[in-house]
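J.: Just so it is clear, I am handing over input01.txt, which has compact mmCIF, C-alpha atoms.
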```
# COMPACT_ATOMS: atom_id res chain seq x y z
CA MET A 80 16.42 43.52 -58.13
CA PRO A 81 15.00 39.99 -58.06
CA ILE A 82 16.55 37.34 -55.81
CA VAL A 83 16.68 33.96 -57.55
CA ARG A 84 18.05 30.53 -56.75
CA LEU A 85 20.92 29.88 -59.11
CA GLN A 86 20.89 26.86 -61.42
CA PRO A 87 23.78 25.01 -63.13
CA PRO A 88 23.64 27.25 -66.24
CA HIS A 89 24.65 30.16 -63.96
CA ALA A 90 27.90 28.40 -62.97
CA GLN A 91 30.22 30.54 -65.11
CA ALA A 92 28.76 33.83 -63.83
CA TYR A 93 28.74 32.54 -60.24
CA ARG A 94 32.38 31.45 -60.54
CA ALA A 95 33.40 34.87 -61.94
CA LEU A 96 31.61 36.76 -59.16
CA MET A 97 33.11 34.62 -56.41
CA LEU A 98 36.64 34.79 -57.83
CA ASP A 99 36.24 38.57 -57.76
CA ALA A 100 35.04 38.35 -54.14
CA TYR A 101 37.99 36.16 -53.07
CA ALA A 102 40.45 38.54 -54.76
CA ARG A 103 38.92 41.76 -53.33
CA HIS A 104 38.36 40.44 -49.80
CA PRO A 105 40.87 37.68 -49.02
CA ASP A 106 40.24 38.13 -45.29
CA ALA A 107 36.51 37.45 -45.63
CA PHE A 108 36.67 33.95 -47.11
CA THR A 109 38.38 30.75 -46.04
CA SER A 110 39.11 29.86 -49.68
CA SER A 111 41.58 31.73 -51.84
CA ALA A 112 41.00 32.95 -55.38
CA ALA A 113 43.78 30.68 -56.65
CA GLU A 114 42.42 27.48 -55.11
CA ARG A 115 38.87 28.18 -56.30
CA ALA A 116 40.03 29.22 -59.78
CA ALA A 117 41.64 25.79 -60.12
CA LEU A 118 38.32 24.00 -59.60
CA PRO A 119 36.53 22.80 -62.74
CA LEU A 120 33.34 24.51 -63.83
CA ALA A 121 31.52 21.26 -62.96
CA TRP A 122 32.32 21.89 -59.27
CA TRP A 123 30.61 25.28 -59.45
CA ALA A 124 27.63 23.82 -61.35
CA ALA A 125 27.23 21.03 -58.77
CA ARG A 126 26.90 23.67 -56.06
CA LEU A 127 23.89 25.01 -57.96
CA SER A 128 21.85 21.81 -58.14
CA PRO A 129 18.11 22.55 -58.35
CA ALA A 130 17.15 19.41 -56.41
CA ASP A 131 14.97 19.96 -53.33
CA ASP A 132 17.41 17.90 -51.25
CA ALA A 133 20.60 19.37 -52.73
CA PRO A 134 23.47 19.61 -50.21
CA GLU A 135 24.01 23.26 -51.19
CA ALA A 136 21.97 26.05 -52.74
CA VAL A 137 22.93 29.58 -53.81
CA TRP A 138 20.78 32.67 -54.31
CA ALA A 139 21.70 35.74 -56.31
CA ALA A 140 20.53 39.29 -56.75
CA MET A 141 20.10 39.53 -60.51
CA ASP A 142 20.26 42.62 -62.70
CA GLY A 143 19.16 41.10 -65.97
CA GLU A 144 21.68 38.30 -66.51
CA ASN A 145 24.27 39.91 -64.22
CA LEU A 146 24.85 38.62 -60.70
CA GLN A 147 25.16 41.52 -58.28
CA GLY A 148 25.37 39.53 -55.06
CA VAL A 149 25.14 35.97 -53.76
CA ALA A 150 24.60 33.94 -50.60
CA GLY A 151 24.75 30.19 -50.19
CA LEU A 152 23.33 27.60 -47.85
CA SER A 153 25.03 24.31 -47.06
CA PHE A 154 23.27 21.42 -45.34
CA GLU A 155 24.93 18.90 -43.05
CA ARG A 156 24.57 15.26 -44.08
CA ARG A 157 25.79 13.47 -40.93
CA ASP A 158 22.99 12.19 -38.71
CA LYS A 159 23.98 13.97 -35.50
CA VAL A 160 24.30 17.39 -37.13
CA ARG A 161 21.58 17.24 -39.80
CA HIS A 162 19.69 19.87 -37.82
CA LYS A 163 22.25 22.53 -38.85
CA ALA A 164 22.82 24.47 -42.04
CA THR A 165 25.52 27.03 -42.81
CA LEU A 166 25.18 30.35 -44.59
CA PHE A 167 28.29 30.71 -46.79
CA GLY A 168 29.77 32.81 -49.56
CA MET A 169 27.87 36.02 -48.86
CA TYR A 170 29.03 38.75 -51.24
CA VAL A 171 27.56 41.89 -52.80
CA ARG A 172 29.45 43.82 -55.49
CA PRO A 173 30.87 47.07 -54.05
CA ASP A 174 29.08 49.28 -56.60
CA VAL A 175 25.61 48.05 -55.54
CA ARG A 176 26.07 47.91 -51.77
CA GLY A 177 23.71 49.95 -49.64
CA GLN A 178 20.63 48.96 -51.66
CA GLY A 179 19.44 46.24 -49.29
CA LEU A 180 20.62 43.35 -51.46
CA GLY A 181 22.50 41.70 -48.59
CA ARG A 182 19.37 41.79 -46.44
CA GLN A 183 17.32 40.28 -49.28
CA LEU A 184 19.88 37.52 -49.85
CA VAL A 185 19.98 36.60 -46.15
CA ALA A 186 16.16 36.60 -46.12
CA ALA A 187 16.12 34.20 -49.10
CA VAL A 188 18.55 31.84 -47.33
CA LEU A 189 16.48 31.94 -44.14
CA ALA A 190 13.25 31.35 -46.07
CA HIS A 191 14.72 28.29 -47.77
CA ALA A 192 16.11 26.94 -44.48
CA HIS A 193 12.58 27.18 -43.06
CA THR A 194 11.32 24.89 -45.86
CA ARG A 195 13.56 22.09 -44.60
CA PRO A 196 11.83 20.78 -41.44
CA GLU A 197 14.95 19.01 -40.20
CA ILE A 198 16.84 22.33 -39.94
CA SER A 199 16.74 23.92 -36.48
CA VAL A 200 19.88 26.05 -36.59
CA LEU A 201 21.50 28.28 -39.17
CA GLN A 202 25.15 29.18 -38.54
CA LEU A 203 27.83 31.32 -40.15
CA THR A 204 31.22 32.87 -39.58
CA VAL A 205 32.12 36.48 -40.25
CA THR A 206 35.51 38.18 -40.15
CA GLU A 207 36.02 40.04 -36.90
CA GLY A 208 35.79 43.77 -37.50
CA ASN A 209 33.31 43.53 -40.39
CA ALA A 210 30.76 45.67 -38.57
CA GLY A 211 28.41 46.00 -41.55
CA ALA A 212 28.08 42.24 -41.99
CA VAL A 213 27.68 41.65 -38.24
CA ALA A 214 24.91 44.27 -38.11
CA LEU A 215 23.17 42.67 -41.09
CA TYR A 216 23.29 39.22 -39.53
CA ARG A 217 22.11 40.51 -36.13
CA SER A 218 19.15 42.25 -37.78
CA ALA A 219 18.22 38.88 -39.33
CA GLY A 220 18.20 37.17 -35.92
CA PHE A 221 21.75 35.81 -35.63
CA GLU A 222 23.61 35.91 -32.31
CA THR A 223 27.32 35.63 -31.66
CA TRP A 224 28.34 32.50 -29.79
CA GLY A 225 32.11 32.61 -30.04
CA ARG A 226 35.32 33.91 -31.50
CA GLU A 227 37.94 31.87 -33.34
CA PRO A 228 41.37 33.50 -33.10
CA TRP A 229 43.71 33.08 -36.06
CA ALA A 230 40.91 31.48 -38.07
CA VAL A 231 42.25 32.40 -41.52
CA ARG A 232 45.78 33.08 -42.64
CA VAL A 233 46.00 36.01 -45.03
CA GLY A 234 49.51 36.61 -46.32
CA GLU A 235 51.77 36.67 -43.28
CA GLY A 236 48.99 37.57 -40.86
CA PHE A 237 45.83 36.08 -39.45
CA VAL A 238 42.23 37.21 -39.10
CA HIS A 239 39.80 36.14 -36.41
CA LYS A 240 36.30 34.86 -37.13
CA GLN A 241 33.15 35.53 -35.18
CA HIS A 242 30.77 32.55 -35.04
CA MET A 243 27.06 33.33 -35.18
CA TRP A 244 23.90 31.22 -35.07
CA CYS A 245 20.17 31.65 -35.52
CA PRO A 246 17.57 29.20 -34.15
CA LEU A 247 14.91 28.52 -36.78
CA ASN A 248 12.07 26.89 -34.89
CA ALA A 249 10.42 26.43 -31.53
CA GLN A 250 12.16 23.08 -31.00
CA ALA A 251 15.55 24.80 -31.12
CA LEU A 252 14.32 27.59 -28.84
CA GLY A 253 13.04 25.12 -26.25
CA HIS A 254 16.42 23.55 -25.59
CA ASN A 255 19.26 24.76 -23.42
CA HIS A 256 21.67 26.88 -25.49
CA ALA A 257 24.57 26.54 -23.07
```
Give the structure from this file in structure tokens form.

T.:
Amino acid sequence: MPIVRLQPPHAQAYRALMLDAYARHPDAFTSSAAERAALPLAWWAARLSPADDAPEAVWAAMDGENLQGVAGLSFERRDKVRHKATLFGMYVRPDVRGQGLGRQLVAAVLAHAHTRPEISVLQLTVTEGNAGAVALYRSAGFETWGREPWAVRVGEGFVHKQHMWCPLNAQALGHNHA
């Protein structure tokens, strides 16, 4: 299945896939289906800007016109943290899991991050206990650096988030990671 960078015309399909993700896995995302459903389609389209310097970009595994999985990349704009980008919104439809789509999506995000010379670090959060996602991220070079207890409220309970990072270049590797 090809991995493509989504464009504004994909906004409706992207919105539908992510609303499904939020509903199926409320513990995996910091946004709820209800709050994201309330956003206008223009918000979703803006996230898919094709500009080289866009603040966000999203890739999808495409089966014809159907999105089977997605992963996004968000870039920091503030001067002191412009060296970081965040992998967000990773989701693969349950019926196509196990085909390597998640690995391909993470690879596409990493490849794009490498095209931005100012980016030294890629970060993400993953719900504690999601062993499959943690294994995927570790295989792509991410390391755990911390745990955030009670990171997301789901119903009457809370889930913890594991914070992970991946240095992207020699400059990042040459500095103290303490």

J.: Using all atoms listed in the file, which residues sit within 12 Å of A:Ala186 once same-chain residues fewer than 3 positions away are excluded, as a ChimeraX atom specification?

T.: /A:82-83,138-140,149-152,166,179-183,189-193,215-216,218-221

J.: Hey, which bits of stretch 106-207 of chain A sit within 7 Å of stretch 86-99 of chain A, and for each residue what's the closest pair of atoms and how far apart in Å (one decimal), counting all atoms listed in the file, rows by chain and increasing number, as a Markdown table?

T.:
```
| residue | atom | partner | partner_atom | distance |
| --- | --- | --- | --- | --- |
| A:Ala112 | CA | A:Leu98 | CA | 5.3 |
| A:Ala116 | CA | A:Leu98 | CA | 6.8 |
| A:Leu120 | CA | A:Ala90 | CA | 6.7 |
| A:Trp123 | CA | A:Ala90 | CA | 5.4 |
| A:Ala124 | CA | A:Pro87 | CA | 4.4 |
| A:Ala125 | CA | A:Pro87 | CA | 6.8 |
| A:Leu127 | CA | A:Gln86 | CA | 4.9 |
| A:Ser128 | CA | A:Gln86 | CA | 6.1 |
| A:Pro129 | CA | A:Gln86 | CA | 6.0 |
| A:Leu146 | CA | A:Ala92 | CA | 6.9 |
```

J.: Can you work out the spacing between atom CA of A:Glu227 and atom CA of A:Phe154 in Å, to one decimal?

T.: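 For atom CA of A:Glu227 relative to atom CA of A:Phe154, the distance reads 21.6 Å.
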
J.: Mind giving me the straight-line distance from atom CA of A:Ala164 to atom CA of A:Val238 in Å, one decimal?

T.: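 A separation of 23.4 Å between them.
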
J.: Which is closest to A:Glu207 among A:Gly148, A:Pro105, A:Gly177, A:Pro228, if we use only C-alpha atoms?

T.: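 So, comparing all the options, the nearest one is A:Pro228.
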
J.: For A:Asp131, which of A:Arg84, A:Leu203, A:Gly225, A:Ala230 is the closest residue, counting all atoms listed in the file?

T.: A:Arg84
